[in-house]
file final.pdb (PDB, C-alpha atoms and all ligand atoms)
ATOM      1  CA  MET E  70      -9.982  35.819 -76.252
ATOM      2  CA  ALA E  71     -10.940  32.192 -76.697
ATOM      3  CA  ASP E  72     -11.934  30.235 -73.618
ATOM      4  CA  ALA E  73      -9.216  28.510 -71.623
ATOM      5  CA  LYS E  74      -8.233  24.955 -72.469
ATOM      6  CA  LEU E  75      -9.457  22.485 -69.864
ATOM      7  CA  ILE E  76      -6.730  20.502 -68.149
ATOM      8  CA  ASP E  77      -8.402  17.110 -67.909
ATOM      9  CA  GLY E  78      -7.021  15.656 -64.670
ATOM     10  CA  LYS E  79      -9.417  12.747 -64.797
ATOM     11  CA  ALA E  80      -8.133  11.649 -68.204
ATOM     12  CA  PHE E  81      -4.463  12.144 -67.280
ATOM     13  CA  ALA E  82      -5.016  10.237 -64.019
ATOM     14  CA  GLY E  83      -6.608   7.415 -66.022
ATOM     15  CA  GLY E  84      -3.453   7.110 -68.112
ATOM     16  CA  LEU E  85      -1.204   7.260 -65.048
ATOM     17  CA  ARG E  86      -3.254   4.563 -63.330
ATOM     18  CA  GLN E  87      -2.858   2.378 -66.380
ATOM     19  CA  ARG E  88       0.918   2.888 -66.426
ATOM     20  CA  VAL E  89       1.113   2.102 -62.704
ATOM     21  CA  GLY E  90      -0.969  -1.047 -63.260
ATOM     22  CA  ALA E  91       1.424  -2.109 -66.021
ATOM     23  CA  GLY E  92       4.358  -1.381 -63.690
ATOM     24  CA  VAL E  93       2.834  -3.581 -60.997
ATOM     25  CA  ALA E  94       2.285  -6.435 -63.464
ATOM     26  CA  ASP E  95       5.854  -6.085 -64.734
ATOM     27  CA  LEU E  96       7.287  -6.099 -61.197
ATOM     28  CA  ILE E  97       5.369  -9.242 -60.241
ATOM     29  CA  ALA E  98       6.201 -10.941 -63.572
ATOM     30  CA  LYS E  99       9.899 -10.424 -62.811
ATOM     31  CA  GLY E 100       9.483 -12.172 -59.456
ATOM     32  CA  GLY E 101       9.235  -8.965 -57.442
ATOM     33  CA  PRO E 102       6.935  -8.400 -54.478
ATOM     34  CA  LYS E 103       3.240  -7.560 -54.835
ATOM     35  CA  PRO E 104       2.906  -3.925 -53.739
ATOM     36  CA  GLY E 105       0.828  -3.508 -50.584
ATOM     37  CA  LEU E 106      -0.907  -0.302 -49.487
ATOM     38  CA  ALA E 107      -2.205   0.141 -45.940
ATOM     39  CA  THR E 108      -4.651   2.931 -45.139
ATOM     40  CA  VAL E 109      -5.471   3.992 -41.602
ATOM     41  CA  LEU E 110      -8.581   6.009 -40.833
ATOM     42  CA  VAL E 111      -9.344   7.240 -37.330
ATOM     43  CA  GLY E 112     -12.994   8.176 -36.801
ATOM     44  CA  ALA E 113     -16.068   7.802 -38.974
ATOM     45  CA  ASP E 114     -16.150  10.981 -41.094
ATOM     46  CA  PRO E 115     -18.275   9.879 -44.095
ATOM     47  CA  ALA E 116     -16.238  11.820 -46.707
ATOM     48  CA  SER E 117     -12.974  10.346 -45.363
ATOM     49  CA  GLN E 118     -14.491   6.858 -45.434
ATOM     50  CA  VAL E 119     -15.391   7.311 -49.088
ATOM     51  CA  TYR E 120     -11.853   8.472 -49.994
ATOM     52  CA  VAL E 121     -10.142   5.679 -48.068
ATOM     53  CA  ARG E 122     -12.419   3.073 -49.609
ATOM     54  CA  SER E 123     -11.772   4.356 -53.139
ATOM     55  CA  LYS E 124      -8.000   4.225 -52.511
ATOM     56  CA  GLY E 125      -8.236   0.581 -51.414
ATOM     57  CA  LYS E 126     -10.435  -0.321 -54.357
ATOM     58  CA  LEU E 127      -8.096   1.280 -56.888
ATOM     59  CA  ALA E 128      -5.054  -0.429 -55.329
ATOM     60  CA  VAL E 129      -6.696  -3.821 -55.866
ATOM     61  CA  GLU E 130      -7.699  -2.868 -59.437
ATOM     62  CA  LEU E 131      -4.035  -2.135 -60.179
ATOM     63  CA  GLY E 132      -2.905  -5.515 -58.834
ATOM     64  CA  MET E 133      -1.798  -4.391 -55.382
ATOM     65  CA  ALA E 134      -2.789  -5.681 -51.962
ATOM     66  CA  SER E 135      -4.871  -3.328 -49.832
ATOM     67  CA  PHE E 136      -5.067  -3.320 -46.042
ATOM     68  CA  ASP E 137      -7.682  -1.036 -44.509
ATOM     69  CA  HIS E 138      -7.572  -0.150 -40.833
ATOM     70  CA  GLN E 139     -10.619   1.637 -39.462
ATOM     71  CA  LEU E 140     -10.126   2.786 -35.887
ATOM     72  CA  PRO E 141     -12.743   4.406 -33.653
ATOM     73  CA  GLU E 142     -12.738   8.169 -33.041
ATOM     74  CA  ASN E 143     -11.635   7.636 -29.421
ATOM     75  CA  THR E 144      -8.468   5.744 -30.409
ATOM     76  CA  THR E 145      -5.555   6.973 -28.297
ATOM     77  CA  GLU E 146      -2.323   8.305 -29.754
ATOM     78  CA  ALA E 147      -0.485   5.301 -28.273
ATOM     79  CA  GLU E 148      -2.910   2.884 -29.941
ATOM     80  CA  LEU E 149      -2.474   4.591 -33.311
ATOM     81  CA  LEU E 150       1.321   4.554 -32.910
ATOM     82  CA  ALA E 151       1.110   0.818 -32.180
ATOM     83  CA  VAL E 152      -0.794   0.267 -35.463
ATOM     84  CA  VAL E 153       1.837   2.282 -37.343
ATOM     85  CA  ALA E 154       4.636   0.247 -35.725
ATOM     86  CA  GLN E 155       2.924  -2.973 -36.748
ATOM     87  CA  LEU E 156       2.581  -1.753 -40.366
ATOM     88  CA  ASN E 157       6.231  -0.596 -40.380
ATOM     89  CA  ALA E 158       7.269  -4.118 -39.374
ATOM     90  CA  ASP E 159       5.003  -5.917 -41.888
ATOM     91  CA  PRO E 160       6.981  -6.835 -45.027
ATOM     92  CA  THR E 161       3.778  -7.195 -47.106
ATOM     93  CA  VAL E 162       3.033  -3.496 -46.503
ATOM     94  CA  ASN E 163       5.023  -1.152 -48.780
ATOM     95  CA  GLY E 164       2.959   1.988 -48.370
ATOM     96  CA  ILE E 165       1.260   3.488 -45.305
ATOM     97  CA  LEU E 166      -1.292   6.298 -45.511
ATOM     98  CA  VAL E 167      -2.742   7.735 -42.307
ATOM     99  CA  GLN E 168      -5.766   9.736 -43.385
ATOM    100  CA  LEU E 169      -5.686  13.374 -42.281
ATOM    101  CA  PRO E 170      -6.971  15.287 -40.422
ATOM    102  CA  LEU E 171      -6.603  13.199 -37.264
ATOM    103  CA  PRO E 172      -8.833  13.792 -34.222
ATOM    104  CA  ARG E 173      -7.644  16.730 -32.097
ATOM    105  CA  HIS E 174      -6.451  14.560 -29.193
ATOM    106  CA  ILE E 175      -3.783  13.011 -31.448
ATOM    107  CA  ASP E 176      -0.513  14.822 -32.262
ATOM    108  CA  THR E 177      -0.297  14.568 -36.062
ATOM    109  CA  ALA E 178       3.439  15.362 -36.227
ATOM    110  CA  LYS E 179       4.183  12.539 -33.774
ATOM    111  CA  VAL E 180       2.270  10.059 -35.934
ATOM    112  CA  LEU E 181       3.818  11.172 -39.233
ATOM    113  CA  ILE E 182       7.371  10.924 -37.853
ATOM    114  CA  ALA E 183       6.619   7.370 -36.666
ATOM    115  CA  ILE E 184       5.940   6.110 -40.209
ATOM    116  CA  ASP E 185       8.917   4.366 -41.847
ATOM    117  CA  PRO E 186      10.126   7.004 -44.394
ATOM    118  CA  ALA E 187      10.491   4.221 -46.996
ATOM    119  CA  LYS E 188       6.757   3.440 -46.630
ATOM    120  CA  ASP E 189       5.638   7.076 -46.379
ATOM    121  CA  VAL E 190       3.591   7.184 -49.609
ATOM    122  CA  ASP E 191       2.100  10.569 -48.613
ATOM    123  CA  GLY E 192       5.594  12.100 -48.443
ATOM    124  CA  PHE E 193       4.757  13.793 -45.134
ATOM    125  CA  HIS E 194       7.594  12.318 -43.011
ATOM    126  CA  PRO E 195      10.184  15.001 -42.103
ATOM    127  CA  VAL E 196      12.922  13.002 -43.852
ATOM    128  CA  ASN E 197      10.986  13.101 -47.133
ATOM    129  CA  VAL E 198       9.941  16.733 -46.573
ATOM    130  CA  GLY E 199      13.654  17.497 -46.149
ATOM    131  CA  ARG E 200      14.602  15.595 -49.290
ATOM    132  CA  LEU E 201      12.121  17.629 -51.329
ATOM    133  CA  GLY E 202      13.213  20.841 -49.596
ATOM    134  CA  SER E 203      16.856  20.308 -50.546
ATOM    135  CA  ILE E 204      16.440  18.818 -54.038
ATOM    136  CA  ALA E 205      18.672  20.120 -56.831
ATOM    137  CA  PRO E 206      17.031  21.583 -59.961
ATOM    138  CA  GLY E 207      15.831  18.759 -62.182
ATOM    139  CA  ALA E 208      17.144  16.004 -59.880
ATOM    140  CA  PRO E 209      15.106  12.759 -59.922
ATOM    141  CA  LEU E 210      12.147  12.440 -57.575
ATOM    142  CA  ASP E 211      13.376   9.065 -56.314
ATOM    143  CA  PHE E 212      11.723   9.345 -52.886
ATOM    144  CA  PRO E 213       8.065   9.726 -51.826
ATOM    145  CA  VAL E 214       6.628  13.122 -52.830
ATOM    146  CA  PRO E 215       3.229  14.386 -51.567
ATOM    147  CA  CYS E 216       0.522  13.097 -53.919
ATOM    148  CA  THR E 217      -1.494  16.246 -54.640
ATOM    149  CA  PRO E 218       1.589  18.416 -55.366
ATOM    150  CA  LEU E 219       3.058  15.667 -57.552
ATOM    151  CA  GLY E 220      -0.225  15.520 -59.472
ATOM    152  CA  VAL E 221      -0.244  19.319 -59.885
ATOM    153  CA  SER E 222       3.284  19.336 -61.311
ATOM    154  CA  MET E 223       2.533  16.437 -63.672
ATOM    155  CA  LEU E 224      -0.530  18.247 -65.062
ATOM    156  CA  LEU E 225       1.416  21.470 -65.572
ATOM    157  CA  GLN E 226       4.301  19.724 -67.292
ATOM    158  CA  ASP E 227       1.851  17.873 -69.535
ATOM    159  CA  ALA E 228      -0.030  21.059 -70.483
ATOM    160  CA  LEU E 229       2.908  23.477 -70.840
ATOM    161  CA  GLY E 230       5.988  21.357 -71.511
ATOM    162  CA  SER E 231       8.996  23.122 -69.994
ATOM    163  CA  LEU E 232       8.140  25.320 -66.995
ATOM    164  CA  SER E 233      11.580  26.922 -66.991
ATOM    165  CA  GLY E 234      11.581  30.625 -66.158
ATOM    166  CA  LEU E 235       7.818  30.885 -65.684
ATOM    167  CA  ASN E 236       6.418  32.935 -62.810
ATOM    168  CA  ALA E 237       4.537  30.588 -60.489
ATOM    169  CA  VAL E 238       2.339  32.030 -57.750
ATOM    170  CA  ILE E 239       0.951  29.686 -55.125
ATOM    171  CA  VAL E 240      -1.980  30.777 -53.021
ATOM    172  CA  GLY E 241      -1.760  28.894 -49.713
ATOM    173  CA  ARG E 242       1.236  27.813 -47.591
ATOM    174  CA  SER E 243       0.080  24.492 -46.152
ATOM    175  CA  ASN E 244       2.504  21.632 -45.524
ATOM    176  CA  LEU E 245       0.158  19.356 -47.480
ATOM    177  CA  VAL E 246      -0.073  21.371 -50.704
ATOM    178  CA  GLY E 247       1.309  24.933 -50.961
ATOM    179  CA  ARG E 248       4.852  24.352 -49.706
ATOM    180  CA  PRO E 249       5.523  21.075 -51.534
ATOM    181  CA  VAL E 250       4.037  22.513 -54.769
ATOM    182  CA  ALA E 251       6.499  25.404 -54.398
ATOM    183  CA  GLN E 252       9.418  22.963 -54.039
ATOM    184  CA  LEU E 253       8.371  20.990 -57.127
ATOM    185  CA  LEU E 254       7.970  24.113 -59.267
ATOM    186  CA  LEU E 255      11.321  25.457 -58.049
ATOM    187  CA  ARG E 256      12.872  22.133 -59.070
ATOM    188  CA  ALA E 257      11.262  22.695 -62.504
ATOM    189  CA  ASP E 258      13.029  26.115 -62.716
ATOM    190  CA  CYS E 259      10.003  28.330 -62.092
ATOM    191  CA  THR E 260      10.319  31.625 -60.232
ATOM    192  CA  VAL E 261       8.143  30.825 -57.234
ATOM    193  CA  THR E 262       6.098  33.079 -54.966
ATOM    194  CA  ILE E 263       4.147  31.621 -52.047
ATOM    195  CA  THR E 264       1.269  33.828 -50.917
ATOM    196  CA  HIS E 265      -0.990  33.555 -47.882
ATOM    197  CA  SER E 266      -3.555  35.387 -45.752
ATOM    198  CA  ARG E 267      -1.116  38.211 -44.899
ATOM    199  CA  THR E 268       0.056  38.858 -48.462
ATOM    200  CA  ARG E 269      -0.408  42.491 -49.502
ATOM    201  CA  ASP E 270      -2.496  43.116 -52.633
ATOM    202  CA  LEU E 271      -2.938  39.442 -53.423
ATOM    203  CA  PRO E 272      -4.848  40.122 -56.688
ATOM    204  CA  ALA E 273      -1.874  42.118 -58.024
ATOM    205  CA  VAL E 274       0.574  39.356 -57.074
ATOM    206  CA  CYS E 275      -1.641  36.745 -58.729
ATOM    207  CA  ARG E 276      -1.810  38.831 -61.926
ATOM    208  CA  GLN E 277       1.974  38.335 -62.317
ATOM    209  CA  ALA E 278       1.541  34.560 -62.492
ATOM    210  CA  ASP E 279       2.112  32.490 -65.613
ATOM    211  CA  ILE E 280       1.176  29.560 -63.358
ATOM    212  CA  LEU E 281      -1.361  30.110 -60.573
ATOM    213  CA  VAL E 282      -1.878  27.266 -58.088
ATOM    214  CA  VAL E 283      -4.673  27.835 -55.593
ATOM    215  CA  ALA E 284      -4.970  25.758 -52.414
ATOM    216  CA  ILE E 285      -6.612  27.661 -49.586
ATOM    217  CA  GLY E 286      -9.946  25.922 -49.081
ATOM    218  CA  LYS E 287     -12.163  28.962 -49.757
ATOM    219  CA  THR E 288     -14.980  28.622 -52.257
ATOM    220  CA  GLU E 289     -14.370  30.598 -55.484
ATOM    221  CA  PHE E 290     -11.853  32.865 -53.713
ATOM    222  CA  VAL E 291      -9.763  33.709 -56.791
ATOM    223  CA  LYS E 292     -11.641  35.887 -59.302
ATOM    224  CA  GLY E 293     -11.203  36.227 -63.042
ATOM    225  CA  GLY E 294      -9.685  39.692 -62.622
ATOM    226  CA  TRP E 295      -6.799  38.198 -60.611
ATOM    227  CA  ILE E 296      -5.643  36.090 -63.543
ATOM    228  CA  LYS E 297      -3.074  37.099 -66.157
ATOM    229  CA  PRO E 298      -4.513  36.493 -69.647
ATOM    230  CA  GLY E 299      -3.275  33.147 -70.939
ATOM    231  CA  ALA E 300      -2.056  31.868 -67.529
ATOM    232  CA  ALA E 301      -2.324  28.241 -66.410
ATOM    233  CA  VAL E 302      -4.612  28.019 -63.380
ATOM    234  CA  VAL E 303      -4.595  24.926 -61.167
ATOM    235  CA  ASP E 304      -7.429  24.739 -58.653
ATOM    236  CA  VAL E 305      -6.630  22.422 -55.727
ATOM    237  CA  GLY E 306      -9.721  23.407 -53.728
ATOM    238  CA  ILE E 307     -12.496  20.913 -53.050
ATOM    239  CA  ASN E 308     -15.411  22.615 -51.321
ATOM    240  CA  ARG E 309     -18.753  20.875 -50.881
ATOM    241  CA  ILE E 310     -21.562  23.431 -51.091
ATOM    242  CA  PRO E 311     -25.330  22.949 -50.824
ATOM    243  CA  THR E 312     -27.489  23.314 -53.952
ATOM    244  CA  PRO E 313     -30.954  24.905 -54.037
ATOM    245  CA  GLU E 314     -32.392  21.383 -54.514
ATOM    246  CA  GLY E 315     -31.034  20.346 -51.106
ATOM    247  CA  LYS E 316     -28.155  18.291 -52.499
ATOM    248  CA  SER E 317     -24.474  19.245 -52.626
ATOM    249  CA  ARG E 318     -21.896  19.866 -55.300
ATOM    250  CA  LEU E 319     -18.125  20.332 -55.427
ATOM    251  CA  VAL E 320     -16.586  23.687 -56.260
ATOM    252  CA  GLY E 321     -12.997  24.835 -56.224
ATOM    253  CA  ASP E 322     -11.091  27.793 -54.793
ATOM    254  CA  VAL E 323     -11.264  29.568 -58.174
ATOM    255  CA  ALA E 324     -14.327  31.221 -59.735
ATOM    256  CA  PHE E 325     -14.268  28.767 -62.619
ATOM    257  CA  ALA E 326     -16.556  30.490 -65.156
ATOM    258  CA  GLU E 327     -14.640  33.774 -64.758
ATOM    259  CA  ALA E 328     -11.266  32.033 -64.935
ATOM    260  CA  GLN E 329     -12.232  30.239 -68.118
ATOM    261  CA  LYS E 330     -12.670  33.574 -69.899
ATOM    262  CA  VAL E 331      -9.168  34.849 -68.999
ATOM    263  CA  ALA E 332      -6.842  31.908 -68.438
ATOM    264  CA  GLY E 333      -5.026  29.895 -71.092
ATOM    265  CA  TYR E 334      -5.481  26.654 -69.163
ATOM    266  CA  VAL E 335      -7.643  25.773 -66.169
ATOM    267  CA  THR E 336      -8.335  22.643 -64.124
ATOM    268  CA  PRO E 337     -11.974  21.820 -63.361
ATOM    269  CA  VAL E 338     -13.376  20.751 -59.972
ATOM    270  CA  PRO E 339     -14.243  17.922 -59.869
ATOM    271  CA  GLY E 340     -12.171  16.118 -62.508
ATOM    272  CA  GLY E 341      -8.961  18.144 -62.131
ATOM    273  CA  VAL E 342      -6.435  17.683 -59.347
ATOM    274  CA  GLY E 343      -8.523  15.284 -57.197
ATOM    275  CA  PRO E 344      -8.188  12.208 -59.430
ATOM    276  CA  MET E 345      -4.444  12.907 -59.755
ATOM    277  CA  THR E 346      -4.007  12.701 -55.980
ATOM    278  CA  VAL E 347      -5.248   9.127 -55.856
ATOM    279  CA  ALA E 348      -3.337   8.077 -59.000
ATOM    280  CA  CYS E 349      -0.112   9.531 -57.537
ATOM    281  CA  LEU E 350      -0.694   7.561 -54.341
ATOM    282  CA  MET E 351      -0.669   4.385 -56.440
ATOM    283  CA  TYR E 352       2.450   5.654 -58.241
ATOM    284  CA  ASN E 353       4.199   6.264 -54.896
ATOM    285  CA  THR E 354       3.227   2.802 -53.658
ATOM    286  CA  LEU E 355       4.662   1.141 -56.775
ATOM    287  CA  GLN E 356       7.877   3.169 -56.480
ATOM    288  CA  ALA E 357       8.227   2.378 -52.763
ATOM    289  CA  THR E 358       7.887  -1.326 -53.565
ATOM    290  CA  ARG E 359      10.454  -1.142 -56.373
ATOM    291  CA  ARG E 360      12.905   0.542 -53.991
ATOM    292  CA  VAL E 361      12.614  -2.137 -51.266
ATOM    293  CA  ALA E 362      13.133  -4.721 -54.027
ATOM    294  CA  GLY E 363      16.381  -2.921 -54.926
ATOM    295  CA  LEU E 364      15.206  -1.976 -58.428
ATOM    296  CA  PRO E 365      16.410   1.211 -60.129
ATOM    297  CA  PHE E 366      14.182   4.289 -60.206
ATOM    298  CA  VAL E 367      12.250   4.753 -63.433
ATOM    299  CA  ALA E 368       9.593   7.436 -63.741
ATOM    300  CA  VAL E 369       6.294   5.868 -64.847
TER     301      VAL E 369
HETATM  302  N1  LIG K   1      -2.997  11.350 -45.547
HETATM  303  C1  LIG K   1      -3.816  11.912 -46.442
HETATM  304  N2  LIG K   1      -3.479  11.934 -47.748
HETATM  305  C2  LIG K   1      -4.318  12.487 -48.668
HETATM  306  O1  LIG K   1      -3.991  12.514 -49.875
HETATM  307  C3  LIG K   1      -5.574  13.018 -48.218
HETATM  308  C4  LIG K   1      -5.864  12.962 -46.865
HETATM  309  N3  LIG K   1      -4.975  12.418 -45.992
HETATM  310  N4  LIG K   1      -7.027  13.465 -46.385
HETATM  311  C5  LIG K   1      -8.042  13.994 -47.270
HETATM  312  C6  LIG K   1      -7.451  14.560 -48.530
HETATM  313  C7  LIG K   1      -8.427  14.749 -49.647
HETATM  314  N5  LIG K   1      -7.962  13.890 -50.720
HETATM  315  C8  LIG K   1      -8.626  13.728 -51.934
HETATM  316  C9  LIG K   1      -8.338  12.729 -52.815
HETATM  317  C10 LIG K   1      -9.054  12.556 -53.988
HETATM  318  C11 LIG K   1     -10.071  13.404 -54.322
HETATM  319  C12 LIG K   1     -10.857  13.182 -55.567
HETATM  320  O2  LIG K   1     -10.689  12.196 -56.262
HETATM  321  N6  LIG K   1     -11.781  14.103 -55.918
HETATM  322  C13 LIG K   1     -12.648  13.987 -57.092
HETATM  323  C14 LIG K   1     -14.114  14.071 -56.694
HETATM  324  C15 LIG K   1     -14.532  13.072 -55.687
HETATM  325  C16 LIG K   1     -15.960  13.328 -55.213
HETATM  326  O3  LIG K   1     -16.854  13.385 -56.072
HETATM  327  O4  LIG K   1     -16.152  13.474 -53.996
HETATM  328  C17 LIG K   1     -12.385  15.140 -58.045
HETATM  329  O5  LIG K   1     -11.896  16.182 -57.607
HETATM  330  O6  LIG K   1     -12.699  14.986 -59.215
HETATM  331  C18 LIG K   1     -10.351  14.432 -53.456
HETATM  332  C19 LIG K   1      -9.635  14.596 -52.285
HETATM  333  C20 LIG K   1      -6.866  13.218 -50.313
HETATM  334  N7  LIG K   1      -6.491  13.590 -49.079
END

call {"tool": "encode", "arguments": {"input": "final.pdb", "output": "structure tokens", "more": "lines below"}}
Ligand SMILES: Nc1nc(=O)c2c([nH]1)NC[C@@H]1CN(c3ccc(C(=O)N[C@@H](CCC(=O)O)C(=O)O)cc3)C=[N+]21
result
Amino acid sequence: MADAKLIDGKAFAGGLRQRVGAGVADLIAKGGPKPGLATVLVGADPASQVYVRSKGKLAVELGMASFDHQLPENTTEAELLAVVAQLNADPTVNGILVQLPLPRHIDTAKVLIAIDPAKDVDGFHPVNVGRLGSIAPGAPLDFPVPCTPLGVSMLLQDALGSLSGLNAVIVGRSNLVGRPVAQLLLRADCTVTITHSRTRDLPAVCRQADILVVAIGKTEFVKGGWIKPGAAVVDVGINRIPTPEGKSRLVGDVAFAEAQKVAGYVTPVPGGVGPMTVACLMYNTLQATRRVAGLPFVAV
């Protein structure tokens, strides 16, 4: 069998970014507000700093305002909640992203529920989680949807067209990726199975999948023999592993070289889902701004 087609997330994200940029320009040209994205990072994790900085930089490139809040590791929960309240009240801020994970002394659920659902560009507020969890098949996504899952579903729809009736197996049940991916694929009329660490005979379940989405944070966990020939494999994992030369490189949750020999489509790491996450954050920020301006929902 021929090697799998690469799903080029970087290229698709480039196009999406461009469309979002055009949407921002159009909104401002019509007298609308300039979209504003606020990011909040607690602590000085170097990888998180890089991500937050790249989000702010991209926002500015697309014509948005960016507000970066860097708080020390020992910030109290009350102090963080005060920053969130201030951003909720600021009319120039349309999107709020609190970088996760938060330090252990802060209750993440308490912070996420404090974010104004209309500014919740991560889609993690319980109101938005509930909207996605009760969406009708094919109904418009006219509320904030988690960025990585939204990116996954966009890539699959672009590669496969209609997903109707396909067997989708998701490896991982996190609130950040696995569960919202399941909701989006159910909305797209897939037959969805969510698997996890207690699933019996996981390889056999995975072999039933026309669509296999892997998000468990374990380096090259899914092997080629777990993949149905011709399936579409989406690798959400981003694992930084050391190289023999003393540097590091990124690898996914799927054994990529093996997958390429069996799958019909596969996303690379890097250059697959990662760039879509950031592009979808910009998309959510534009949409949140259009909604406060009272403009109708149009998918970009
Ligand atoms: N509230 C919140 N929302 C998030 O969306 C969120 C978060 N917290 N915490 C951390 C994770 C991680 N995350 C990534 C975004 C982009 C890439 C990305 O662009 N990756 C590139 C590679 C980048 C590199 O080289 O390091 C790629 O896969 O091609 C990766 C990871 C968003 N996250």

call {"tool": "residues_near_ligand", "arguments": {"input": "final.pdb", "ligand": "ligand LIG 1 (chain K)", "cutoff": "7 Å", "atoms": "all atoms listed in the file", "output": "short mmCIF file (atom, residue, chain, number, x, y, z; two decimals) with C-alpha atoms, in the coordinates of the input"}}
result
data_model
loop_
_atom_site.label_atom_id
_atom_site.label_comp_id
_atom_site.auth_asym_id
_atom_site.auth_seq_id
_atom_site.Cartn_x
_atom_site.Cartn_y
_atom_site.Cartn_z
CA LYS E 79 -9.42 12.75 -64.80
CA SER E 117 -12.97 10.35 -45.36
CA TYR E 120 -11.85 8.47 -49.99
CA LEU E 166 -1.29 6.30 -45.51
CA VAL E 167 -2.74 7.74 -42.31
CA GLN E 168 -5.77 9.74 -43.38
CA LEU E 169 -5.69 13.37 -42.28
CA PRO E 170 -6.97 15.29 -40.42
CA ASP E 191 2.10 10.57 -48.61
CA CYS E 216 0.52 13.10 -53.92
CA THR E 217 -1.49 16.25 -54.64
CA ILE E 307 -12.50 20.91 -53.05
CA VAL E 338 -13.38 20.75 -59.97
CA PRO E 339 -14.24 17.92 -59.87
CA GLY E 340 -12.17 16.12 -62.51
CA GLY E 341 -8.96 18.14 -62.13
CA VAL E 342 -6.44 17.68 -59.35
CA GLY E 343 -8.52 15.28 -57.20
CA PRO E 344 -8.19 12.21 -59.43
CA THR E 346 -4.01 12.70 -55.98
CA VAL E 347 -5.25 9.13 -55.86
#

call {"tool": "resolve_selection", "arguments": {"input": "final.pdb", "expression": "the PyMOL selection byres (((chain E and resi 140) around 10) and not hetatm)", "output": "PyMOL selection string"}}
result
chain E and resi 109-113+137-139+141-145+148-149+152

call {"tool": "residues_around", "arguments": {"input": "final.pdb", "residues": "Lys297 (chain E)", "least_positions_apart": "3", "cutoff": "7 Å", "atoms": "all atoms listed in the file", "output": "ChimeraX atom specification"}}
result
/E:276-279,300,332

call {"tool": "resolve_selection", "arguments": {"input": "final.pdb", "expression": "the PyMOL selection byres (((chain E and resi 275) around 10) and not hetatm)", "output": "ChimeraX atom specification"}}
result
/E:236-240,262,264,270-274,276-283,291,294-297

call {"tool": "residues_around", "arguments": {"input": "final.pdb", "residues": "Val246 (chain E)", "least_positions_apart": "2", "cutoff": "12 Å", "atoms": "all atoms listed in the file", "output": "ChimeraX atom specification"}}
result
/E:191-193,198,214-222,239-244,248-253,263,282-286,303-306,342,346

call {"tool": "residues_near_point", "arguments": {"input": "final.pdb", "point": "(18.9, -9.9, -54.8)", "cutoff": "12 Å", "atoms": "only C-alpha atoms", "output": "list in words"}}
result
Gly100, Gly101, Val361, Ala362, Gly363 and Leu364 of chain E

call {"tool": "residues_around", "arguments": {"input": "final.pdb", "residues": "Arg200 (chain E)", "least_positions_apart": "3", "cutoff": "10 Å", "atoms": "all atoms listed in the file", "output": "list in words"}}
result
Gly192, His194, Pro195, Val196, Asn197, Ser203, Ile204, Ala205, Leu210, Asp211, Phe212, Pro213 and Val214 of chain E

call {"tool": "atom_distance", "arguments": {"input": "final.pdb", "atom1": "CA of Asp258 (chain E)", "atom2": "CA of Gly234 (chain E)"}}
result
5.9 Å

call {"tool": "residues_around", "arguments": {"input": "final.pdb", "residues": "region 96-99 of chain E", "least_positions_apart": "2", "cutoff": "10 Å", "atoms": "all atoms listed in the file", "output": "list of chain:residue names"}}
result
E:Gly90, E:Ala91, E:Gly92, E:Val93, E:Ala94, E:Gly101, E:Pro102, E:Lys103, E:Pro104, E:Gly132, E:Met133, E:Leu355, E:Thr358, E:Arg359, E:Ala362, E:Leu364

call {"tool": "closest_residue", "arguments": {"input": "final.pdb", "among": "E:Met345, E:Gln356, E:Glu314, E:Lys126", "to": "Asp189 (chain E)", "atoms": "all atoms listed in the file"}}
result
E:Gln356

call {"tool": "closest_residue", "arguments": {"input": "final.pdb", "among": "E:Ala107, E:Ala116, E:Ala301, E:Leu201", "to": "Asp159 (chain E)", "atoms": "all atoms listed in the file"}}
result
E:Ala107

call {"tool": "closest_residue", "arguments": {"input": "final.pdb", "among": "E:Ala324, E:Gly125, E:Arg269, E:Gly315", "to": "Lys287 (chain E)", "atoms": "only C-alpha atoms"}}
result
E:Ala324

call {"tool": "atom_distance", "arguments": {"input": "final.pdb", "atom1": "CA of Leu225 (chain E)", "atom2": "CA of Phe81 (chain E)"}}
result
11.2 Å

call {"tool": "resolve_selection", "arguments": {"input": "final.pdb", "expression": "the PyMOL selection byres (((chain E and resi 175) around 9) and not hetatm)", "output": "PyMOL selection string"}}
result
chain E and resi 144-147+149+171-174+176-180

call {"tool": "atom_distance", "arguments": {"input": "final.pdb", "atom1": "CA of Thr288 (chain E)", "atom2": "CA of Asp322 (chain E)"}}
result
4.7 Å
